[in-house]
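Student: My questions all concern the structure below.
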Amino acid sequence: MSSFIVAQAVEDYAAAHTSPAAAHLRQLAAETRKTLDSPQMLTGEIEGRFLEFLVFLAQPQLVLEIGTYSGYSALSMAGALAPGGRLVTCELDPERVAFARRHIAAAGFGDRVEVRQGPALATIAALDEPFDLVFIDADKGGYHDYYEAVLPKLSARGLIVVDNVLWSGRVAQPPADDDTESTRALRAFNDHVAADERVVNVMLSVRDGVTLVRRA
Ligand SMILES: C[S@@+](CC[C@H](N)C(=O)[O-])C[C@H]1O[C@@H](n2cnc3c(N)ncnc32)[C@H](O)[C@@H]1O
């Protein structure tokens, strides 16, 4: 099954009609595919541009990203930060942390983007300022806990953006015995958000599914 929700030809057409990514993002993506494992985790050009638009509109002072990988989404969002805005991104894996830090510095964003190595929940607990925009894109089994940890720290007009909520469409199939832990976790997470009276949300079929959440 494709990791995209819409047909590949439609996805390609949308990509061809989206402003191209900056050269430093294309370089990062090419080196990620060549040297890191799991390059399918890159958010890619459409979702990267979408995230950049959200930052452009929200003008956040503090963006929190949960799941850095090689830094593509972090650098996409950083491109639209207003003066004074900053982004903290969380990553467990030291090789990915080093890769992302190198590309962030080379692109000239080292003053605004900080990669924190370690479990995201510990990084969230250590941050005191309100989050204006949070991008959740780490282990799917952790989504519920990340959401519950960031929601109380969300600023009044803050936005939570959650990736992979459609999980190649598997969450929309009837539950089956051979469902993976991630499929089960994402189904439960999506139900939790939809029933949560503290928030308003919209689930979009961008790439692998993106949910936007704000306070009610
Ligand atoms: C889907 S990738 C992130 C992709 C990235 N946002 C991008 O667009 O390129 C998820 C990342 O989350 C990291 N991760 C998994 N569990 C984590 C945790 N508990 N704390 C921090 N990072 C974690 C993984 O090592 C992996 O690199």
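Residue numbering restarts at 1 in every chain; chains get A, B, ... in the order shown in the structure tokens, and ligands count up from 1 in that same order.
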At a cut-off of 8 Å around ligand 1, and using only C-alpha atoms and all ligand atoms, what residues come up? Please write them as a CSV table (one decimal) with N, CA and C atoms, in the first residue's frame.

Tutor:
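What ended up in result-v4.csv:
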chain,number,residue,atom,x,y,z
A,41,MET,N,10.7,8.2,6.1
A,41,MET,CA,10.2,9.1,7.2
A,41,MET,C,10.3,10.6,6.9
A,42,LEU,N,11.0,10.9,5.8
A,42,LEU,CA,11.1,12.3,5.4
A,42,LEU,C,9.7,12.9,5.1
A,43,THR,N,9.3,14.0,5.6
A,43,THR,CA,8.0,14.5,5.3
A,43,THR,C,7.8,14.9,3.9
A,44,GLY,N,8.9,15.3,3.2
A,44,GLY,CA,8.8,15.6,1.7
A,44,GLY,C,8.3,17.0,1.4
A,48,GLY,N,6.3,19.5,3.8
A,48,GLY,CA,7.2,20.5,4.3
A,48,GLY,C,6.7,21.9,4.0
A,65,GLU,N,9.0,20.4,18.0
A,65,GLU,CA,8.8,19.3,17.1
A,65,GLU,C,9.2,18.0,17.8
A,66,ILE,N,8.3,17.0,17.7
A,66,ILE,CA,8.6,15.7,18.4
A,66,ILE,C,8.9,14.7,17.3
A,67,GLY,N,10.2,14.4,17.1
A,67,GLY,CA,10.6,13.5,16.0
A,67,GLY,C,11.4,14.3,15.0
A,68,THR,N,12.7,14.4,15.1
A,68,THR,CA,13.5,15.2,14.2
A,68,THR,C,13.9,14.4,12.9
A,69,TYR,N,14.3,13.2,13.1
A,69,TYR,CA,14.9,12.3,12.0
A,69,TYR,C,16.1,13.1,11.4
A,70,SER,N,16.1,13.4,10.1
A,70,SER,CA,17.2,14.1,9.6
A,70,SER,C,17.1,15.6,9.6
A,71,GLY,N,15.9,16.2,10.0
A,71,GLY,CA,15.7,17.6,10.1
A,71,GLY,C,14.9,18.3,9.0
A,72,TYR,N,14.3,17.5,8.1
A,72,TYR,CA,13.6,18.1,7.0
A,72,TYR,C,12.5,18.9,7.4
A,73,SER,N,11.6,18.4,8.3
A,73,SER,CA,10.4,19.2,8.7
A,73,SER,C,10.9,20.4,9.6
A,74,ALA,N,11.9,20.2,10.4
A,74,ALA,CA,12.4,21.2,11.3
A,74,ALA,C,12.9,22.4,10.5
A,90,CYS,N,13.0,17.3,19.0
A,90,CYS,CA,13.4,16.2,19.9
A,90,CYS,C,13.7,15.0,19.1
A,91,GLU,N,14.9,14.4,19.4
A,91,GLU,CA,15.3,13.1,18.7
A,91,GLU,C,16.1,12.2,19.7
A,92,LEU,N,15.8,11.0,19.6
A,92,LEU,CA,16.4,10.0,20.5
A,92,LEU,C,17.8,9.5,19.9
A,93,ASP,N,17.8,9.3,18.6
A,93,ASP,CA,18.9,8.7,17.9
A,93,ASP,C,20.1,9.6,17.7
A,96,ARG,N,21.1,10.5,14.0
A,96,ARG,CA,20.1,11.4,13.4
A,96,ARG,C,20.3,12.8,14.0
A,117,GLN,N,18.7,16.0,22.2
A,117,GLN,CA,18.8,14.6,22.2
A,117,GLN,C,18.2,14.0,23.4
A,118,GLY,N,17.3,13.0,23.3
A,118,GLY,CA,16.7,12.3,24.4
A,118,GLY,C,15.2,12.1,24.2
A,119,PRO,N,14.6,11.4,25.2
A,119,PRO,CA,13.1,11.1,25.1
A,119,PRO,C,12.3,12.4,25.0
A,120,ALA,N,11.4,12.5,24.1
A,120,ALA,CA,10.7,13.8,23.9
A,120,ALA,C,9.9,14.2,25.2
A,121,LEU,N,9.4,13.2,25.9
A,121,LEU,CA,8.6,13.5,27.1
A,121,LEU,C,9.5,14.3,28.1
A,135,PHE,N,4.6,20.0,16.4
A,135,PHE,CA,4.4,19.0,15.3
A,135,PHE,C,4.8,17.7,15.9
A,136,ILE,N,3.8,16.8,16.0
A,136,ILE,CA,4.0,15.4,16.6
A,136,ILE,C,4.3,14.5,15.4
A,137,ASP,N,5.5,13.9,15.4
A,137,ASP,CA,5.9,13.0,14.3
A,137,ASP,C,6.9,12.0,14.8
A,138,ALA,N,6.7,11.4,16.0
A,138,ALA,CA,7.7,10.4,16.4
A,138,ALA,C,7.0,9.0,16.5
A,139,ASP,N,7.4,8.1,17.4
A,139,ASP,CA,6.8,6.8,17.5
A,139,ASP,C,5.3,6.9,17.7
A,142,GLY,N,3.5,6.5,21.0
A,142,GLY,CA,3.7,7.6,22.0
A,142,GLY,C,2.8,8.8,21.8

Student: Considering only C-alpha atoms, state which residue in the set A:Asp178, A:Ala23, A:Gly108, A:Ile5 is at the smallest distance from A:Val165.

Tutor: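 Of the candidates, the smallest distance to A:Val165 is held by A:Ile5.
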
Student: Neighbours of A:Ala15 within 10 Å (only C-alpha atoms; same-chain residues fewer than 2 positions away dropped), as a list in words?

Tutor: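 Everything that qualifies: Ala9, Val10, Glu11, Asp12, Tyr13, His17, Thr18, Ser19, Pro20, Gly44, Glu45, Ile46, Glu47 and Arg49 of chain A.
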
Student: Taking only stretch 48-117 of chain A into account, list the residues labelled helix (DSSP H, G or I) by DSSP (computed from the backbone), as JSON, numbers by chain.

Tutor: {"A": [48, 49, 50, 51, 52, 53, 54, 55, 56, 57, 58, 72, 73, 74, 75, 76, 77, 78, 94, 95, 96, 97, 98, 99, 100, 101, 102, 103, 104, 105, 106]}

Student: Write the residues of the preceding selection, restricted to N, CA and C atoms, as a compact mmCIF listing (two decimals), in the first residue's frame.

Tutor:
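Output below, filename result39.txt:
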# COMPACT_ATOMS: atom_id res chain seq x y z
N GLY A 48 6.26 19.49 3.77
CA GLY A 48 7.23 20.48 4.26
C GLY A 48 6.75 21.89 3.97
N ARG A 49 6.25 22.10 2.76
CA ARG A 49 5.74 23.43 2.38
C ARG A 49 4.48 23.76 3.19
N PHE A 50 3.65 22.75 3.44
CA PHE A 50 2.43 22.94 4.24
C PHE A 50 2.81 23.39 5.66
N LEU A 51 3.79 22.74 6.26
CA LEU A 51 4.24 23.11 7.61
C LEU A 51 4.79 24.53 7.62
N GLU A 52 5.54 24.85 6.56
CA GLU A 52 6.10 26.21 6.45
C GLU A 52 4.97 27.25 6.41
N PHE A 53 3.90 26.91 5.68
CA PHE A 53 2.74 27.82 5.61
C PHE A 53 2.12 28.01 7.00
N LEU A 54 1.99 26.92 7.75
CA LEU A 54 1.38 27.03 9.09
C LEU A 54 2.21 27.95 9.98
N VAL A 55 3.52 27.83 9.89
CA VAL A 55 4.40 28.70 10.69
C VAL A 55 4.28 30.15 10.20
N PHE A 56 4.22 30.33 8.90
CA PHE A 56 4.05 31.67 8.32
C PHE A 56 2.78 32.33 8.85
N LEU A 57 1.69 31.54 8.93
CA LEU A 57 0.40 32.09 9.37
C LEU A 57 0.36 32.32 10.88
N ALA A 58 0.88 31.35 11.64
CA ALA A 58 0.75 31.41 13.11
C ALA A 58 1.79 32.33 13.75
N TYR A 72 14.33 17.45 8.13
CA TYR A 72 13.63 18.07 6.98
C TYR A 72 12.46 18.95 7.43
N SER A 73 11.59 18.41 8.28
CA SER A 73 10.42 19.20 8.71
C SER A 73 10.85 20.37 9.60
N ALA A 74 11.87 20.15 10.43
CA ALA A 74 12.36 21.24 11.30
C ALA A 74 12.85 22.41 10.45
N LEU A 75 13.67 22.08 9.43
CA LEU A 75 14.21 23.16 8.59
C LEU A 75 13.13 23.78 7.70
N SER A 76 12.12 22.99 7.32
CA SER A 76 11.01 23.55 6.54
C SER A 76 10.29 24.61 7.37
N MET A 77 9.97 24.25 8.62
CA MET A 77 9.25 25.20 9.49
C MET A 77 10.13 26.40 9.83
N ALA A 78 11.40 26.15 10.06
CA ALA A 78 12.31 27.23 10.44
C ALA A 78 12.36 28.32 9.37
N PRO A 94 21.31 9.27 18.26
CA PRO A 94 22.46 10.20 18.16
C PRO A 94 22.94 10.44 16.73
N GLU A 95 22.86 9.41 15.86
CA GLU A 95 23.31 9.60 14.47
C GLU A 95 22.39 10.61 13.76
N ARG A 96 21.09 10.50 14.00
CA ARG A 96 20.14 11.43 13.39
C ARG A 96 20.30 12.84 13.97
N VAL A 97 20.58 12.90 15.27
CA VAL A 97 20.81 14.21 15.90
C VAL A 97 22.00 14.90 15.24
N ALA A 98 23.09 14.16 15.06
CA ALA A 98 24.31 14.74 14.47
C ALA A 98 24.05 15.18 13.03
N PHE A 99 23.35 14.34 12.28
CA PHE A 99 23.03 14.65 10.87
C PHE A 99 22.22 15.94 10.81
N ALA A 100 21.15 16.01 11.63
CA ALA A 100 20.26 17.18 11.59
C ALA A 100 21.02 18.44 12.03
N ARG A 101 21.81 18.33 13.08
CA ARG A 101 22.55 19.51 13.56
C ARG A 101 23.48 20.04 12.48
N ARG A 102 24.13 19.14 11.77
CA ARG A 102 25.08 19.55 10.71
C ARG A 102 24.33 20.31 9.60
N HIS A 103 23.18 19.79 9.20
CA HIS A 103 22.43 20.44 8.12
C HIS A 103 21.79 21.76 8.58
N ILE A 104 21.36 21.81 9.83
CA ILE A 104 20.76 23.05 10.36
C ILE A 104 21.84 24.15 10.39
N ALA A 105 23.03 23.79 10.83
CA ALA A 105 24.12 24.77 10.88
C ALA A 105 24.50 25.23 9.47
N ALA A 106 24.62 24.25 8.55
CA ALA A 106 25.04 24.58 7.17
C ALA A 106 24.02 25.49 6.48

Student: Would you work out the distance separating atom CA of A:Val88 from atom CA of A:Val202, expressed in Å to one decimal?

Tutor: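 Between atom CA of A:Val88 and atom CA of A:Val202 the gap is 24.5 Å.
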
Student: May I ask for the distance between atom CA of A:Val199 and atom CA of A:Leu186, given in Å to one decimal place?

Tutor: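 Atom CA of A:Leu186 lies 17.8 Å from atom CA of A:Val199.
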
Student: Determine, counting only C-alpha atoms, which protein, DNA and RNA residues have an atom within 9 Å of an atom of A:Arg184; residues of the same chain fewer than 3 positions away are not included. Present the result as a list in words.

Tutor: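 The filter keeps Gly141, Val171, Pro175, Asp179, Thr180, Glu181, Arg187, Ala188 and Phe189 of chain A.
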
Student: Just the selected residues (N, CA and C atoms), exported as a tab-separated table (two decimals), in the first residue's frame, please.

Tutor:
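again.tsv written:
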chain	number	residue	atom	x	y	z
A	141	GLY	N	3.08	4.85	18.95
A	141	GLY	CA	2.60	4.42	20.26
A	141	GLY	C	2.70	5.50	21.31
A	171	VAL	N	-5.98	2.78	9.31
A	171	VAL	CA	-6.85	3.10	10.45
A	171	VAL	C	-8.33	3.10	10.05
A	175	PRO	N	-10.91	-3.16	12.43
A	175	PRO	CA	-9.81	-3.75	13.20
A	175	PRO	C	-9.62	-5.22	12.85
A	179	ASP	N	-3.39	-6.44	12.89
A	179	ASP	CA	-3.04	-5.01	12.95
A	179	ASP	C	-1.77	-4.82	13.77
A	180	THR	N	-0.90	-3.91	13.33
A	180	THR	CA	0.31	-3.65	14.10
A	180	THR	C	-0.04	-2.78	15.32
A	181	GLU	N	0.92	-2.70	16.24
A	181	GLU	CA	0.75	-1.83	17.42
A	181	GLU	C	0.52	-0.39	16.99
A	187	ARG	N	-5.39	4.42	15.73
A	187	ARG	CA	-6.86	4.39	15.80
A	187	ARG	C	-7.34	4.95	17.14
A	188	ALA	N	-6.71	4.48	18.22
A	188	ALA	CA	-7.13	4.93	19.56
A	188	ALA	C	-6.84	6.42	19.73
A	189	PHE	N	-5.70	6.86	19.21
A	189	PHE	CA	-5.36	8.29	19.31
A	189	PHE	C	-6.36	9.15	18.55

Student: What does the structure give for the distance between atom CA of A:Thr89 and atom CA of A:Val134, in Å to one decimal?

Tutor: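 According to the coordinates, atom CA of A:Thr89 and atom CA of A:Val134 are separated by 9.7 Å.
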
Student: Which is closest to A:His192 among A:Gly85, A:Leu36, A:Ile160, A:His144, if we use only C-alpha atoms?

Tutor: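 Closest to A:His192 of all the choices is A:His144.
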
Student: Hey, which of A:Leu62, A:Leu159, A:Leu166, A:Leu81 ends up closest to A:Val213? Count only C-alpha atoms.

Tutor: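 Going through A:Leu62, A:Leu159, A:Leu166, A:Leu81 one by one, the smallest distance to A:Val213 is for A:Leu159.
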
Student: Give the answer as one residue: which of A:Leu25, A:Ala122, A:Val162, A:Leu87 has the shortest atom-to-atom distance to A:Tyr147, using only C-alpha atoms?

Tutor: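 Closest residue, counting only C-alpha atoms: A:Val162.
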
Student: Smallest atom-to-atom distance to A:Leu64: which of A:Arg215, A:Arg198, A:Lys34, A:Arg116, using only C-alpha atoms?

Tutor: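 For A:Leu64, the nearest of the given residues is A:Arg116.
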
Student: Considering only C-alpha atoms, state which residue in the set A:Val150, A:Val113, A:Ala29, A:Ala176 is at the smallest distance from A:Ala125.

Tutor: A:Val150
